[in-house]
Each structure stands twice: as C-alpha cells, then as structure tokens.
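Novice: To be precise about what I am sending: the file is called target.cif and holds mmCIF, C-alpha atoms.
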```
data_my_file
#
loop_
_atom_site.group_PDB
_atom_site.id
_atom_site.type_symbol
_atom_site.label_atom_id
_atom_site.label_comp_id
_atom_site.auth_asym_id
_atom_site.auth_seq_id
_atom_site.Cartn_x
_atom_site.Cartn_y
_atom_site.Cartn_z
ATOM 1 C CA MET A 438 155.917 -106.487 194.046
ATOM 2 C CA SER A 439 156.520 -110.182 193.512
ATOM 3 C CA TYR A 440 156.843 -112.370 196.607
ATOM 4 C CA ASP A 441 160.628 -112.354 196.209
ATOM 5 C CA GLU A 442 160.571 -108.565 196.025
ATOM 6 C CA GLN A 443 158.315 -108.337 199.074
ATOM 7 C CA ILE A 444 160.764 -110.440 201.081
ATOM 8 C CA GLU A 445 163.706 -108.404 199.835
ATOM 9 C CA HIS A 446 161.905 -105.201 200.820
ATOM 10 C CA MET A 447 161.420 -106.520 204.362
ATOM 11 C CA ARG A 448 165.077 -107.502 204.519
ATOM 12 C CA SER A 449 166.044 -103.970 203.489
ATOM 13 C CA LYS A 450 164.031 -102.705 206.461
ATOM 14 C CA GLY A 451 165.979 -104.877 208.881
ATOM 15 C CA VAL A 452 163.583 -107.828 209.115
ATOM 16 C CA THR A 453 165.579 -111.035 209.521
ATOM 17 C CA PHE A 454 164.671 -114.539 208.404
ATOM 18 C CA ASN A 455 166.563 -116.588 210.972
ATOM 19 C CA HIS A 456 163.762 -119.034 211.790
ATOM 20 C CA VAL A 457 162.357 -119.676 208.333
ATOM 21 C CA THR A 458 163.628 -120.397 204.820
ATOM 22 C CA MET A 459 162.895 -118.084 201.920
ATOM 23 C CA ASP A 460 160.616 -120.719 200.386
ATOM 24 C CA GLN A 461 158.681 -121.032 203.654
ATOM 25 C CA ALA A 462 158.325 -117.253 203.858
ATOM 26 C CA LYS A 463 157.031 -117.097 200.276
ATOM 27 C CA THR A 464 154.529 -119.882 200.958
ATOM 28 C CA TYR A 465 153.295 -118.019 204.034
ATOM 29 C CA LEU A 466 152.767 -114.800 202.043
ATOM 30 C CA GLU A 467 151.022 -116.689 199.247
ATOM 31 C CA ARG A 468 148.661 -118.742 201.386
ATOM 32 C CA LYS A 469 148.195 -117.216 204.832
ATOM 33 C CA ASN A 470 148.826 -113.476 205.053
ATOM 34 C CA SER A 471 149.659 -110.713 202.613
ATOM 35 C CA ASP A 472 152.844 -108.679 202.842
ATOM 36 C CA PHE A 473 150.735 -105.576 203.521
ATOM 37 C CA ARG A 474 148.943 -107.229 206.427
ATOM 38 C CA ILE A 475 151.930 -108.947 208.023
ATOM 39 C CA LYS A 476 153.941 -105.713 207.956
ATOM 40 C CA ALA A 477 151.258 -104.042 210.071
ATOM 41 C CA TYR A 478 152.807 -105.686 213.133
ATOM 42 C CA CYS A 479 156.125 -103.948 212.427
ATOM 43 C CA LYS A 480 154.544 -100.918 214.102
ATOM 44 C CA ASN A 481 155.202 -102.595 217.454
ATOM 45 C CA TYR A 482 158.978 -102.421 216.976
ATOM 46 C CA GLU A 483 161.567 -99.691 217.369
ATOM 47 C CA VAL A 484 163.617 -98.508 214.399
ATOM 48 C CA LYS A 485 167.195 -97.308 214.155
ATOM 49 C CA PRO A 486 167.077 -93.515 213.715
ATOM 50 C CA SER A 487 170.099 -93.584 211.413
ATOM 51 C CA THR A 488 168.861 -96.213 208.941
ATOM 52 C CA GLY A 489 165.129 -96.675 209.601
ATOM 53 C CA GLU A 490 165.697 -100.414 210.033
ATOM 54 C CA TYR A 491 163.672 -102.346 212.584
ATOM 55 C CA ILE A 492 165.461 -103.499 215.736
ATOM 56 C CA ASN A 493 165.344 -107.173 216.743
ATOM 57 C CA LEU A 494 162.557 -108.112 214.341
ATOM 58 C CA ASP A 495 162.396 -111.506 212.653
ATOM 59 C CA PHE A 496 159.803 -112.643 210.116
ATOM 60 C CA ASN A 497 158.619 -115.339 212.513
ATOM 61 C CA TYR A 498 157.907 -112.711 215.166
ATOM 62 C CA LEU A 499 155.460 -111.125 212.728
ATOM 63 C CA THR A 500 153.785 -114.412 211.786
ATOM 64 C CA GLU A 501 153.452 -115.361 215.454
ATOM 65 C CA MET A 502 151.823 -112.024 216.282
ATOM 66 C CA ALA A 503 149.468 -112.488 213.335
ATOM 67 C CA GLU A 504 148.446 -115.916 214.666
ATOM 68 C CA ILE A 505 147.889 -114.551 218.176
ATOM 69 C CA ASP A 506 145.824 -111.716 216.734
ATOM 70 C CA HIS A 507 143.745 -114.240 214.773
ATOM 71 C CA GLN A 508 143.045 -116.310 217.880
ATOM 72 C CA LEU A 509 142.142 -113.214 219.874
ATOM 73 C CA ARG A 510 139.733 -111.970 217.194
ATOM 74 C CA ARG A 511 138.102 -115.404 217.063
ATOM 75 C CA PHE A 512 137.551 -115.337 220.834
ATOM 76 C CA ILE A 513 136.203 -111.775 220.734
ATOM 77 C CA THR A 514 133.789 -112.616 217.911
ATOM 78 C CA LYS A 515 132.272 -115.541 219.818
ATOM 79 C CA PHE A 516 132.244 -113.619 223.079
ATOM 80 C CA ILE A 517 130.591 -110.461 221.715
ATOM 81 C CA VAL A 518 127.937 -112.393 219.781
ATOM 82 C CA HIS A 519 127.050 -114.056 223.091
ATOM 83 C CA LEU A 520 127.054 -110.679 224.846
ATOM 84 C CA GLU A 521 124.713 -109.241 222.210
ATOM 85 C CA HIS A 522 122.333 -112.150 222.771
ATOM 86 C CA ILE A 523 122.324 -111.570 226.541
ATOM 87 C CA LEU A 524 121.696 -107.830 226.134
ATOM 88 C CA LYS A 525 118.720 -108.556 223.878
ATOM 89 C CA GLN A 526 117.302 -111.150 226.253
ATOM 90 C CA ASN A 527 117.658 -108.788 229.195
ATOM 91 C CA LEU A 528 115.941 -106.015 227.262
ATOM 92 C CA LEU A 529 113.041 -108.290 226.336
ATOM 93 C CA ARG A 530 112.698 -109.437 229.930
ATOM 94 C CA ASP A 531 112.575 -105.853 231.210
ATOM 95 C CA LEU A 532 110.046 -104.912 228.531
ATOM 96 C CA THR A 533 107.853 -107.909 229.324
ATOM 97 C CA ASN A 534 107.880 -107.021 233.017
ATOM 98 C CA GLU A 535 107.131 -103.326 232.380
ATOM 99 C CA PRO A 536 103.336 -102.803 232.763
ATOM 100 C CA THR A 537 103.346 -99.489 230.865
ATOM 101 C CA GLU A 538 104.755 -101.036 227.679
ATOM 102 C CA ASP A 539 102.983 -103.147 225.076
ATOM 103 C CA GLY A 540 106.094 -103.809 222.953
ATOM 104 C CA PHE A 541 104.720 -101.915 219.930
ATOM 105 C CA THR A 542 104.376 -98.263 220.943
ATOM 106 C CA ILE A 543 107.986 -97.842 221.934
ATOM 107 C CA ILE A 544 109.156 -99.193 218.583
ATOM 108 C CA SER A 545 106.850 -96.824 216.735
ATOM 109 C CA ASP A 546 108.272 -93.922 218.749
ATOM 110 C CA PHE A 547 111.821 -95.136 218.201
ATOM 111 C CA LEU A 548 111.436 -95.324 214.424
ATOM 112 C CA VAL A 549 109.914 -91.846 214.303
ATOM 113 C CA GLU A 550 112.966 -90.466 216.089
ATOM 114 C CA ASN A 551 115.375 -92.638 214.079
ATOM 115 C CA PRO A 552 114.171 -92.610 210.455
ATOM 116 C CA GLY A 553 117.605 -93.795 209.306
ATOM 117 C CA VAL A 554 117.031 -97.108 211.085
ATOM 118 C CA LEU A 555 113.763 -97.611 209.241
ATOM 119 C CA SER A 556 115.496 -96.858 205.925
ATOM 120 C CA SER A 557 118.186 -99.396 206.774
ATOM 121 C CA ILE A 558 115.568 -102.042 207.530
ATOM 122 C CA GLU A 559 113.835 -101.336 204.240
ATOM 123 C CA GLU A 560 117.118 -101.808 202.423
ATOM 124 C CA LYS A 561 117.593 -105.180 204.096
ATOM 125 C CA ARG A 562 114.123 -106.218 202.932
ATOM 126 C CA ARG A 563 115.386 -106.305 199.363
ATOM 127 C CA GLN A 564 118.727 -108.008 199.894
ATOM 128 C CA SER A 565 118.908 -109.885 203.176
ATOM 129 C CA VAL A 566 118.001 -113.236 204.681
ATOM 130 C CA VAL A 567 115.672 -111.357 207.041
ATOM 131 C CA GLY A 568 113.679 -109.972 204.091
ATOM 132 C CA GLU A 569 110.776 -112.352 204.643
ATOM 133 C CA LEU A 570 110.603 -111.421 208.314
ATOM 134 C CA ILE A 571 110.613 -107.728 207.440
ATOM 135 C CA ASP A 572 107.801 -108.215 204.918
ATOM 136 C CA LYS A 573 105.706 -109.933 207.555
ATOM 137 C CA TYR A 574 106.089 -107.289 210.278
ATOM 138 C CA ARG A 575 106.977 -104.064 208.456
ATOM 139 C CA ASP A 576 103.563 -102.485 208.977
ATOM 140 C CA ARG A 577 103.678 -102.923 212.747
ATOM 141 C CA TYR A 578 107.010 -103.795 214.337
ATOM 142 C CA SER A 579 107.175 -104.975 217.920
ATOM 143 C CA MET A 580 110.244 -105.181 220.123
ATOM 144 C CA TRP A 581 110.341 -108.928 219.580
ATOM 145 C CA SER A 582 110.304 -108.758 215.782
ATOM 146 C CA ILE A 583 112.549 -105.752 215.284
ATOM 147 C CA LEU A 584 115.420 -107.168 217.335
ATOM 148 C CA GLU A 585 115.771 -109.878 214.713
ATOM 149 C CA VAL A 586 116.537 -107.403 211.916
ATOM 150 C CA LEU A 587 118.603 -104.643 213.534
ATOM 151 C CA SER A 588 122.353 -104.303 213.134
ATOM 152 C CA PHE A 589 124.365 -104.143 216.351
ATOM 153 C CA GLY A 590 124.721 -100.378 216.032
ATOM 154 C CA GLU A 591 120.975 -99.990 215.519
ATOM 155 C CA PHE A 592 120.311 -102.269 218.471
ATOM 156 C CA ILE A 593 122.513 -100.074 220.670
ATOM 157 C CA LYS A 594 120.379 -97.066 219.687
ATOM 158 C CA LEU A 595 117.185 -98.935 220.605
ATOM 159 C CA TYR A 596 118.723 -100.223 223.828
ATOM 160 C CA GLY A 597 119.616 -96.679 224.860
ATOM 161 C CA PHE A 598 116.209 -95.404 223.788
ATOM 162 C CA TYR A 599 114.434 -97.923 225.995
ATOM 163 C CA TYR A 600 116.531 -97.307 229.114
ATOM 164 C CA GLU A 601 116.331 -93.564 228.690
ATOM 165 C CA ARG A 602 112.568 -93.998 228.949
ATOM 166 C CA HIS A 603 112.844 -96.609 231.728
ATOM 167 C CA PRO A 604 116.070 -95.908 233.649
ATOM 168 C CA ALA A 605 117.553 -98.873 235.476
ATOM 169 C CA LYS A 606 120.864 -99.617 237.128
ATOM 170 C CA GLY A 607 123.441 -101.869 235.562
ATOM 171 C CA LYS A 608 122.342 -101.503 231.924
ATOM 172 C CA HIS A 609 125.518 -99.730 230.717
ATOM 173 C CA GLU A 610 123.631 -98.131 227.831
ATOM 174 C CA ASN A 611 126.091 -95.235 227.649
ATOM 175 C CA ILE A 612 129.179 -97.383 227.045
ATOM 176 C CA LEU A 613 127.993 -99.967 224.522
ATOM 177 C CA HIS A 614 129.456 -97.900 221.664
ATOM 178 C CA HIS A 615 132.885 -99.100 222.815
ATOM 179 C CA ILE A 616 131.755 -102.669 222.217
ATOM 180 C CA LYS A 617 130.449 -101.671 218.785
ATOM 181 C CA PHE A 618 133.916 -100.443 217.778
ATOM 182 C CA LEU A 619 135.496 -103.714 218.842
ATOM 183 C CA ARG A 620 132.773 -105.844 217.233
ATOM 184 C CA ASN A 621 133.090 -104.026 213.919
ATOM 185 C CA ALA A 622 136.856 -104.471 213.967
ATOM 186 C CA VAL A 623 136.718 -108.237 214.452
ATOM 187 C CA VAL A 624 133.805 -108.755 212.059
ATOM 188 C CA HIS A 625 135.796 -106.993 209.338
ATOM 189 C CA ASN A 626 138.936 -108.913 210.330
ATOM 190 C CA ILE A 627 140.907 -105.765 211.187
ATOM 191 C CA CYS A 628 144.265 -106.268 212.899
ATOM 192 C CA LEU A 629 144.103 -105.442 216.605
ATOM 193 C CA LEU A 630 147.573 -106.190 217.936
ATOM 194 C CA ASN A 631 149.404 -103.965 215.482
ATOM 195 C CA SER A 632 148.426 -101.078 217.767
ATOM 196 C CA LEU A 633 150.291 -102.116 220.918
ATOM 197 C CA LYS A 634 152.982 -99.464 220.504
ATOM 198 C CA ARG A 635 151.042 -96.829 218.592
ATOM 199 C CA PRO A 636 147.330 -96.993 219.447
ATOM 200 C CA TYR A 637 144.677 -96.251 216.852
ATOM 201 C CA GLN A 638 143.911 -92.531 216.935
ATOM 202 C CA LEU A 639 140.145 -92.115 217.219
ATOM 203 C CA SER A 640 138.832 -88.572 217.590
ATOM 204 C CA SER A 641 135.674 -89.824 219.332
ATOM 205 C CA PHE A 642 137.505 -92.034 221.841
ATOM 206 C CA ARG A 643 136.970 -91.257 225.521
ATOM 207 C CA ARG A 644 137.799 -93.552 228.410
ATOM 208 C CA CYS A 645 134.839 -95.115 230.171
ATOM 209 C CA GLU A 646 134.733 -93.952 233.790
ATOM 210 C CA GLU A 647 132.849 -97.098 234.822
ATOM 211 C CA VAL A 648 135.773 -99.196 233.633
ATOM 212 C CA VAL A 649 138.316 -96.848 235.191
ATOM 213 C CA SER A 650 136.486 -97.175 238.502
ATOM 214 C CA TYR A 651 136.275 -100.972 238.150
ATOM 215 C CA LEU A 652 140.010 -101.311 237.534
ATOM 216 C CA SER A 653 140.872 -98.871 240.320
ATOM 217 C CA ARG A 654 139.866 -101.625 242.764
ATOM 218 C CA SER A 655 142.334 -104.051 241.196
ATOM 219 C CA PRO A 656 145.979 -104.560 242.244
ATOM 220 C CA ILE A 657 147.110 -103.070 238.908
ATOM 221 C CA SER A 658 149.074 -99.852 239.420
ATOM 222 C CA SER A 659 147.450 -96.571 238.420
ATOM 223 C CA LYS A 660 150.317 -95.924 235.986
ATOM 224 C CA ALA A 661 149.726 -99.235 234.189
ATOM 225 C CA ARG A 662 145.957 -98.701 234.186
ATOM 226 C CA ASN A 663 146.192 -95.225 232.708
ATOM 227 C CA LYS A 664 148.760 -96.197 230.090
ATOM 228 C CA ASN A 665 146.843 -99.214 228.836
ATOM 229 C CA LEU A 666 143.379 -97.668 228.916
ATOM 230 C CA GLU A 667 144.635 -94.995 226.523
ATOM 231 C CA ASN A 668 144.711 -97.726 223.870
ATOM 232 C CA PRO A 669 141.210 -98.054 222.301
ATOM 233 C CA VAL A 670 141.626 -101.766 221.522
ATOM 234 C CA ILE A 671 142.664 -102.638 225.084
ATOM 235 C CA HIS A 672 140.099 -100.277 226.589
ATOM 236 C CA ASP A 673 137.217 -101.613 224.520
ATOM 237 C CA LEU A 674 138.072 -105.263 225.104
ATOM 238 C CA ILE A 675 138.151 -104.665 228.842
ATOM 239 C CA THR A 676 134.878 -102.722 228.568
ATOM 240 C CA ALA A 677 133.211 -105.620 226.744
ATOM 241 C CA LEU A 678 134.400 -108.098 229.371
ATOM 242 C CA TYR A 679 133.276 -105.781 232.158
ATOM 243 C CA VAL A 680 129.786 -105.425 230.662
ATOM 244 C CA PHE A 681 129.524 -109.181 230.160
ATOM 245 C CA GLN A 682 130.442 -109.784 233.796
ATOM 246 C CA SER A 683 127.675 -107.401 234.843
ATOM 247 C CA VAL A 684 124.808 -108.485 232.576
ATOM 248 C CA CYS A 685 125.364 -112.248 232.438
ATOM 249 C CA ALA A 686 123.505 -113.952 235.273
ATOM 250 C CA ASP A 687 124.838 -117.446 234.653
ATOM 251 C CA ARG A 688 127.890 -118.222 236.768
ATOM 252 C CA ASP A 689 128.949 -121.217 234.690
ATOM 253 C CA THR A 690 128.918 -119.162 231.491
ATOM 254 C CA LYS A 691 131.106 -116.482 233.033
ATOM 255 C CA LYS A 692 133.457 -119.140 234.336
ATOM 256 C CA LYS A 693 133.696 -120.711 230.873
ATOM 257 C CA TYR A 694 134.916 -117.469 229.312
ATOM 258 C CA CYS A 695 137.354 -116.840 232.140
ATOM 259 C CA VAL A 696 138.829 -120.309 231.630
ATOM 260 C CA GLU A 697 139.181 -119.643 227.908
ATOM 261 C CA LEU A 698 140.805 -116.259 228.516
ATOM 262 C CA ASN A 699 143.322 -117.838 230.860
ATOM 263 C CA ARG A 700 144.092 -120.605 228.387
ATOM 264 C CA LEU A 701 144.608 -118.166 225.542
ATOM 265 C CA PHE A 702 146.872 -115.761 227.383
ATOM 266 C CA LYS A 703 148.726 -118.161 229.647
ATOM 267 C CA ALA A 704 149.150 -121.140 227.298
ATOM 268 C CA ASP A 705 148.341 -120.549 223.630
ATOM 269 C CA PHE A 706 149.804 -117.050 223.324
ATOM 270 C CA VAL A 707 153.115 -117.937 224.995
ATOM 271 C CA LYS A 708 154.031 -121.076 223.064
ATOM 272 C CA ASN A 709 156.634 -118.959 221.286
ATOM 273 C CA GLY A 710 156.879 -116.299 223.947
ATOM 274 C CA ALA A 711 160.660 -116.100 223.603
ATOM 275 C CA TYR A 712 160.118 -114.321 220.280
ATOM 276 C CA PHE A 713 159.027 -111.223 222.171
ATOM 277 C CA ASN A 714 161.573 -111.180 224.994
ATOM 278 C CA GLY A 715 163.380 -108.219 223.467
ATOM 279 C CA ASN A 716 160.286 -106.082 222.966
ATOM 280 C CA SER A 717 159.428 -104.114 226.108
ATOM 281 C CA ILE A 718 156.163 -102.761 224.641
ATOM 282 C CA ILE A 719 154.719 -106.183 223.876
ATOM 283 C CA GLN A 720 155.922 -107.545 227.220
ATOM 284 C CA SER A 721 154.381 -104.697 229.228
ATOM 285 C CA ARG A 722 151.043 -105.001 227.418
ATOM 286 C CA TYR A 723 151.042 -108.748 228.032
ATOM 287 C CA GLU A 724 151.882 -108.363 231.730
ATOM 288 C CA PHE A 725 149.046 -105.863 232.120
ATOM 289 C CA PHE A 726 146.575 -108.303 230.585
ATOM 290 C CA ILE A 727 147.719 -111.160 232.807
ATOM 291 C CA LYS A 728 147.083 -109.009 235.876
ATOM 292 C CA PHE A 729 143.735 -107.938 234.476
ATOM 293 C CA ILE A 730 142.667 -111.516 233.695
ATOM 294 C CA ASP A 731 143.598 -112.650 237.198
ATOM 295 C CA TYR A 732 141.528 -109.837 238.699
ATOM 296 C CA TYR A 733 138.659 -110.365 236.259
ATOM 297 C CA SER A 734 138.526 -114.093 236.946
ATOM 298 C CA THR A 735 138.335 -113.413 240.665
ATOM 299 C CA THR A 736 135.547 -110.843 240.383
ATOM 300 C CA SER A 737 133.501 -112.591 237.677
ATOM 301 C CA TYR A 738 132.169 -115.652 239.430
ATOM 302 C CA ASN A 739 133.767 -116.007 242.844
#
```
Spell out the structure here as structure tokens.
Specialist:
Amino acid sequence: MSYDEQIEHMRSKGVTFNHVTMDQAKTYLERKNSDFRIKAYCKNYEVKPSTGEYINLDFNYLTEMAEIDHQLRRFITKFIVHLEHILKQNLLRDLTNEPTEDGFTIISDFLVENPGVLSSIEEKRRQSVVGELIDKYRDRYSMWSILEVLSFGEFIKLYGFYYERHPAKGKHENILHHIKFLRNAVVHNICLLNSLKRPYQLSSFRRCEEVVSYLSRSPISSKARNKNLENPVIHDLITALYVFQSVCADRDTKKKYCVELNRLFKADFVKNGAYFNGNSIIQSRYEFFIKFIDYYSTTSYN
C-alpha cells in the first residue's frame, strides 16, 4: 500500500488522527517507523466486537509507545552488555582462584561435549572481526581466549558447564537463558511493548522461582506479581535486573542503573502519559513497574 493507503487502512480500523496532520503521519511512516511496525502496538487496545475497530486509539498513541519502546530497548541493550561483562569477569575470577583448574582443560572438555560451539567458532574464523584471534588460539583455547569469541548463548553454555563442575551460590546459571531471550530481542530490534495485553507465547517459557521468591518479599500484591510475571518480556527484564543486582559488586554502578530506571519510567515515559489514561492494560503494567522499581532501588544498594 502507498502511505496514503496505509493511513486510510488505519482509519478504517478506528485509529484516529486527532493530534497529527495527514502530512505529519506520512512523514513519520516514511522516515521513522513502518506501518507494519507501528501497528504492532495496536495489540494493546480493545476492539469493538461489532465492527473490529479499535477503541480510543489515536495515531500519536502508537508513535508514543514506539518511542518508549525504543528508549527501553536502548537501556536494556546497554544494561545487558554490562551484565555480560560482569558475568565473564566473575567467571574468570572464580577460575583463577580455583586451584584444580588451569584454564585450558575445562575448555577442551567443554568443546568435546559441545561440538556445535566449536563449529560456530570455526565459522566466525572466516567471516568475523575475531578471526585473527581464533587463528592464534584455535589449537589450544583457554578460558581467557575463548570468552572473546563466544556468542552470548554459547557463553551461557560455558558458564553453566563451569558451575556444574564447581558449584557455587549466587551464580544463577540456571536462569541466564531468560536474559538471552531478552538480549536477542533488543539486539534484533524486536518490539517489546506490543505484548502488554497479549504476551508472546513461548512454549519453552517457565517462570523463574528465584525471581518469584525475590518479588514475594516486595509490597507488590501476589495477584499483580502473578499476572505480570506471566508476560515473558516483563519476567525476563525483571530477571536480568535481579541477576545484575546479585552479581554486580559495585554499589555505585548499581545505583547508576537504578537512577536511570527511575528517570526513564517516572520522567521520560510519562511526558505524554495522558495518551494512555483510557487504557487499563497499559496503566496496570506501568503501575506494576513503578512498584517494582521502587522495591528494586531499595534492595539494590541500600
């Protein structure tokens, strides 16, 4: 469809254009977000059973949600990259302090049990910026060298492999796959906030009991906890924040992220908060996160 046809299609579905001109809407679709992508946020709105038209949905409500989603993904990307770095540093520290490990044998054993990882590394040798590093160490990888060439998913496998051999408290090796899902979503620029009303259906999704237990000590009601943790995006973001709180030893770093979370949710995300006053789903999800952030900020560094 042409841009005019895309706009007309949205109008036929009940989307109003009360806060923007047609020319402004066309410019937005041409330069900022596609019709296909912006319509993803329509999933958060009720429809009239008789006509299938959306209820109380304006074009600007969609563009505002898209901007909030963009800001949230940007925060998550920075935050999870930092978390990955901390997990790697902690693993190297534990390895260095483990007298039964030389840093080479465990990698040899790991690659024997995970031949797919070795194949993936070999593929990167031919078409990746880490190719030179792989060429240098491919005959005898150590923990230090291999961490530089693994994907996040491969790192999670190695992380679990190490702590299965050397069990230790507070490593969270069994829940890092939740962080992988979230990381992959933001790296590939997948919409997150289009799933507030109808969560993504993932056959492998199971709630993390560590996170359930953590939130059970918060002032958030059990009904609100259970309802929101059924949403994989919400669950996995909270899981990532929970793991970061546990593995990061630097109080100032944890405080920095708490300050940024508060600024995002309590200032940036509500600049046009009136747009969502008529949507009970968006409001309830937002209220849950405010309560969570308050609790998280208190438990992170105080």
Novice: Please report, as CSV, each residue of stretch 558-615 of chain A lying at most 12 Å from stretch 509-518 of chain A, together with the nearest pair of atoms and the separation in Å rounded to one decimal; use all atoms listed in the file, and order rows by chain and ascending residue number.
Specialist:
```
residue,atom,partner,partner_atom,distance
A:Ser588,CA,A:Val518,CA,11.9
A:Phe589,CA,A:Val518,CA,9.6
A:Leu613,CA,A:Ile517,CA,11.2
A:His615,CA,A:Ile517,CA,11.6
```
Novice: Limited to C-alpha atoms, could you put the picked residues into a file as a PDB file, in the frame of the given file?
Specialist:
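Wrote it out as part_21.pdb, contents follow:
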```
ATOM      1  CA  SER A 588     122.353-104.303 213.134  1.00  0.00           C
ATOM      2  CA  PHE A 589     124.365-104.143 216.351  1.00  0.00           C
ATOM      3  CA  LEU A 613     127.993 -99.967 224.522  1.00  0.00           C
ATOM      4  CA  HIS A 615     132.885 -99.100 222.815  1.00  0.00           C
TER       5      HIS A 615
END
```
Novice: I would like the residues chosen by the PyMOL selection byres ((chain A and resi 470) around 12) on the shown file; could you give them as a list in words?
Specialist: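 After applying the PyMOL selection byres ((chain A and resi 470) around 12), what remains is Tyr440, Ala462, Lys463, Thr464, Tyr465, Leu466, Glu467, Arg468, Lys469, Ser471, Asp472, Phe473, Arg474, Ile475, Lys476, Ala477, Tyr478, Leu499, Thr500, Glu501, Met502, Ala503, Glu504, His507 and Cys628 of chain A.
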Novice: Extract, using only C-alpha atoms, all DNA, RNA and protein residues at most 8 Å from A:Ser545, discarding same-chain residues fewer than 3 positions from it, and format them as an MDAnalysis selection string.
Specialist: chainID A and resid 541:542 548:549 577:578
Novice: Go ahead and save the picked residues with C-alpha atoms, as a compact mmCIF listing (two decimals), keeping the file's coordinate frame.
Specialist:
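What ended up in again-v7.txt:
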```txt
# COMPACT_ATOMS: atom_id res chain seq x y z
CA PHE A 541 104.72 -101.92 219.93
CA THR A 542 104.38 -98.26 220.94
CA LEU A 548 111.44 -95.32 214.42
CA VAL A 549 109.91 -91.85 214.30
CA ARG A 577 103.68 -102.92 212.75
CA TYR A 578 107.01 -103.80 214.34
```
Novice: Expand the PyMOL selection byres ((chain A and resi 483) around 12) into the individual residues it matches in the shown file, reporting them as a list in words.
Specialist: Lys450, Gly451, Val452, Tyr478, Cys479, Lys480, Asn481, Tyr482, Val484, Lys485, Pro486, Thr488, Gly489, Glu490, Tyr491, Ile492, Asn493, Leu494, Lys634, Arg635, Gly715, Asn716, Ser717, Ile718 and Ile719 of chain A
Novice: Using the chain letters and residue numbers of this document, give as a list in words the residues selected by the PyMOL selection byres ((chain A and resi 521-535) around 8).
Specialist: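 Here the PyMOL selection byres ((chain A and resi 521-535) around 8) matches Ile517, Val518, His519, Leu520, Pro536, Thr537, Glu538, Gly540, Met580, Trp581, Leu584, Phe589, Tyr596, Val684 and Cys685 of chain A.
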Novice: Could you please take those selected residues and save C-alpha atoms as a PDB file, in the frame of the given file?
Specialist:
```pdb
ATOM      1  CA  ILE A 517     130.591-110.461 221.715  1.00  0.00           C
ATOM      2  CA  VAL A 518     127.937-112.393 219.781  1.00  0.00           C
ATOM      3  CA  HIS A 519     127.050-114.056 223.091  1.00  0.00           C
ATOM      4  CA  LEU A 520     127.054-110.679 224.846  1.00  0.00           C
ATOM      5  CA  PRO A 536     103.336-102.803 232.763  1.00  0.00           C
ATOM      6  CA  THR A 537     103.346 -99.489 230.865  1.00  0.00           C
ATOM      7  CA  GLU A 538     104.755-101.036 227.679  1.00  0.00           C
ATOM      8  CA  GLY A 540     106.094-103.809 222.953  1.00  0.00           C
ATOM      9  CA  MET A 580     110.244-105.181 220.123  1.00  0.00           C
ATOM     10  CA  TRP A 581     110.341-108.928 219.580  1.00  0.00           C
ATOM     11  CA  LEU A 584     115.420-107.168 217.335  1.00  0.00           C
ATOM     12  CA  PHE A 589     124.365-104.143 216.351  1.00  0.00           C
ATOM     13  CA  TYR A 596     118.723-100.223 223.828  1.00  0.00           C
ATOM     14  CA  VAL A 684     124.808-108.485 232.576  1.00  0.00           C
ATOM     15  CA  CYS A 685     125.364-112.248 232.438  1.00  0.00           C
TER      16      CYS A 685
END
```
Novice: Mind checking which residues fall within 10 Å of A:Ala661, counting all atoms listed in the file, ignoring those fewer than 2 positions away in the same chain, and posting them as a list in words?
Specialist: Ile657, Ser658, Ser659, Asn663, Lys664, Asn665, Leu666, Ser721, Arg722, Glu724 and Phe725 of chain A
Novice: One decimal, Å: what's the distance from atom CA of A:Arg688 over to atom CA of A:Glu601, could you say?
Specialist: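 Between atom CA of A:Arg688 and atom CA of A:Glu601 the gap works out to 28.4 Å.
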Novice: To one decimal place, how far is atom CA of A:Val457 from atom CA of A:Asp495 in Å?
Specialist: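 Pair atom CA of A:Val457 / atom CA of A:Asp495 returns 9.2 Å.
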Novice: With distances taken over all atoms listed in the file, which of A:Ser556, A:Ser582, A:Asn551, A:Asn455 is nearest to A:Leu595?
Specialist: A:Asn551
